[in-house]
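> Before I ask anything, let me first share the structure, which is written out below as structure tokens.
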Amino acid sequence: MKFEKITEEPSRYQDLEKMSVRDILRGINQEDKTVPDAVEKAIPQIEELTTVIVDKMLAGGRLFYLGAGTSGRLGILDASEIPPTYGMPFDLIIGLIAGGETAIRRPVEDAEDNTTQGWADLQEYHAAENDVVIGIAASGTTPYVIGALKDCKAHGIVTGCITCNPGSPLALEADYPIEVAVGPEFVTGSTRMKSGTAQKLVLNMISTTTMIRIGRVEGNRMVNMQLTNSKIIDRGTRMLMERTGLRDYGKAKELLLKSGSVKKAIDSIKAIDSID
């Protein structure tokens with residue numbers, strides 16, 4: 001089957017510059033509504049990859065996201081939210097972008113076309129067989145990402161990918177491809193829109209499910225979140241009161257801050273109760 005970039009197909013909407021603000025907004029919203037349905041169809045693929053990630057992480061491995069442009073930034077965003085949300089080390093889930101840190105804010109010319117730099121970037125972190133590398137590219141043709149996955153395969157590292165073009169060269173290189181076919185963008189070829197939204201949803205699903213399965217959530221609560229600001233401290237205090245029956249907000253807050261997390265505070269109370 002011939003590979004075709006459906007993400008580059010013409011928009012279903014014409015003469016955008018002649019549309020009213022409301023009509024533009026409605027058109028974008030209509031297109032956005034189709035994204036969750038496309039993601040739903042890919043759940044079996046997402047499940048396979050996530051299951052492998054959980055197994056690797058429980059065995060001491062890490063997860064790498066690798067992308068260029070919007071795809072790279074989304075990977076970095078997801079990775080950066082894991083430590084404060086789940087109290088995990090910053091080097092457990094790592095986001096890498098073509099062009100390095102400069103490219104997070106500004107495009108770096110030709111960075112995504114370098115076929116060897118992706119592997120070089122991974123080697124700065126000594127990526128090895130216990131790890132999993134996910135290449136993210138809406139087009140499925142980004143050389144930086146494809147080159148990295150080829151090298152990963154040669155070194156026995158499990159790979160996955162998130163792309164929005166079925167049958168892409170990237171998907172063919174990945175051990176566990178995730179293909180979310182969202183179709184043409186509202187603005188032709190602007191894959192930061194539906195494609196980016198789809199990638200973000202899939203990343204949320206992968207990292208959240210992984211954190212739950214490795215024991216970083218209890219019930220439906222983020223009991224290991226870092227106490228980085230007053231809002232989170234208040235949330236943690238109320239969570240602790242709810243989970244333990246403590247009624248004194250001040251004492252609960254003091255215990256939380258002393259313990260460093262809701263989980264540790266709960267464990268300390270259980271330890272005292274067991275002695276009593």
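Letters for chains follow the order of the structure tokens (A, B, ...), residue numbers begin at 1 for each chain, and ligand numbers begin at 1 in the order shown.
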If you run DSSP on this backbone, which residues of region 80-122 of chain A come out as alpha helix (DSSP H), and could you give them as a count of residues only?

17

> Determine, counting only C-alpha atoms, which protein, DNA and RNA residues have an atom within 7 Å of an atom of region 86-92 of chain A; residues of the same chain fewer than 4 positions away are not included. Present the result as a list in words.

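Skipping anything fewer than 4 positions along the chain leaves Arg62, Leu63, Ile82, Arg216, Met222, Asn224, Met225 and Gln226 of chain A.
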
> Can you write just those residues out, C-alpha atoms, as an mmCIF file, in the first residue's frame?


data_model
loop_
_atom_site.group_PDB
_atom_site.id
_atom_site.type_symbol
_atom_site.label_atom_id
_atom_site.label_comp_id
_atom_site.auth_asym_id
_atom_site.auth_seq_id
_atom_site.Cartn_x
_atom_site.Cartn_y
_atom_site.Cartn_z
ATOM 1 C CA ARG A 62 13.299 4.431 31.942
ATOM 2 C CA LEU A 63 11.055 5.964 29.288
ATOM 3 C CA ILE A 82 5.716 13.422 36.134
ATOM 4 C CA ARG A 216 2.098 5.999 42.471
ATOM 5 C CA MET A 222 -1.967 11.546 43.780
ATOM 6 C CA ASN A 224 3.049 11.012 46.071
ATOM 7 C CA MET A 225 2.789 14.507 44.587
ATOM 8 C CA GLN A 226 5.551 16.980 45.455
#

> Of the candidates A:Gly183, A:Pro83, A:Gly69, A:Gly219, which one gets nearest to Ser207 (chain A) if we count only C-alpha atoms?

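With only C-alpha atoms as the atom set, the closest residue is A:Pro83.
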
> Would you please work out which residue, of A:Lys200, A:Lys150, A:Arg213, A:His155, is nearest to Leu172 (chain A) when using only C-alpha atoms?

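Using only C-alpha atoms, the shortest distance to Leu172 (chain A) belongs to A:Lys150.
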
> Tell me, as a list of chain:residue names, which residues lie within 12 Å of Asp267 (chain A), counting only C-alpha atoms; anything in the same chain fewer than 4 positions away does not count.

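Contacts, in chain order: A:Val223, A:Asn224, A:Leu240, A:Arg243, A:Thr244, A:Leu255, A:Leu256, A:Ser259, A:Gly260, A:Ser261, A:Val262, A:Lys263, A:Ala271, A:Ile272, A:Asp273, A:Ser274.
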
> In terms of the shortest atom-to-atom distance over only C-alpha atoms, which of A:Glu109, A:Ala68, A:Ile104, A:Gln14 is closest to Thr142 (chain A)?

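The closest residue to Thr142 (chain A) is A:Ala68.
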
> Give one line per residue of region 80-172 of chain A that approaches region 45-55 of chain A to at most 10 Å, naming the two atoms of the closest pair and their distance in Å to one decimal, counting only C-alpha atoms; sort by chain then ascending residue number and deliver it as a tab-separated table.


residue	atom	partner	partner_atom	distance
A:Asn130	CA	A:Asp55	CA	9.5
A:Asp131	CA	A:Ile53	CA	8.1
A:Val132	CA	A:Ile53	CA	6.5
A:Val133	CA	A:Ile53	CA	9.3
A:Ile134	CA	A:Leu49	CA	9.3
A:Val158	CA	A:Val52	CA	8.5
A:Thr159	CA	A:Leu49	CA	8.6
A:Gly160	CA	A:Leu49	CA	6.6
A:Cys161	CA	A:Leu49	CA	9.0
A:Ile162	CA	A:Ile46	CA	9.1

> So which residues of region 114-239 of chain A fall under strand (DSSP E) by DSSP, listed as a PyMOL selection string?

chain A and resi 132-136+158-163+176-179

> If I take CA of Ser168 (chain A) and CA of Lys56 (chain A), how far is one from the other in Å, to one decimal?

26.0 Å

> Could you tell me how far CA of Thr210 (chain A) lies from CA of Ser71 (chain A), in Å and to one decimal?

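We find that CA of Thr210 (chain A) and CA of Ser71 (chain A) lie 20.2 Å from each other.
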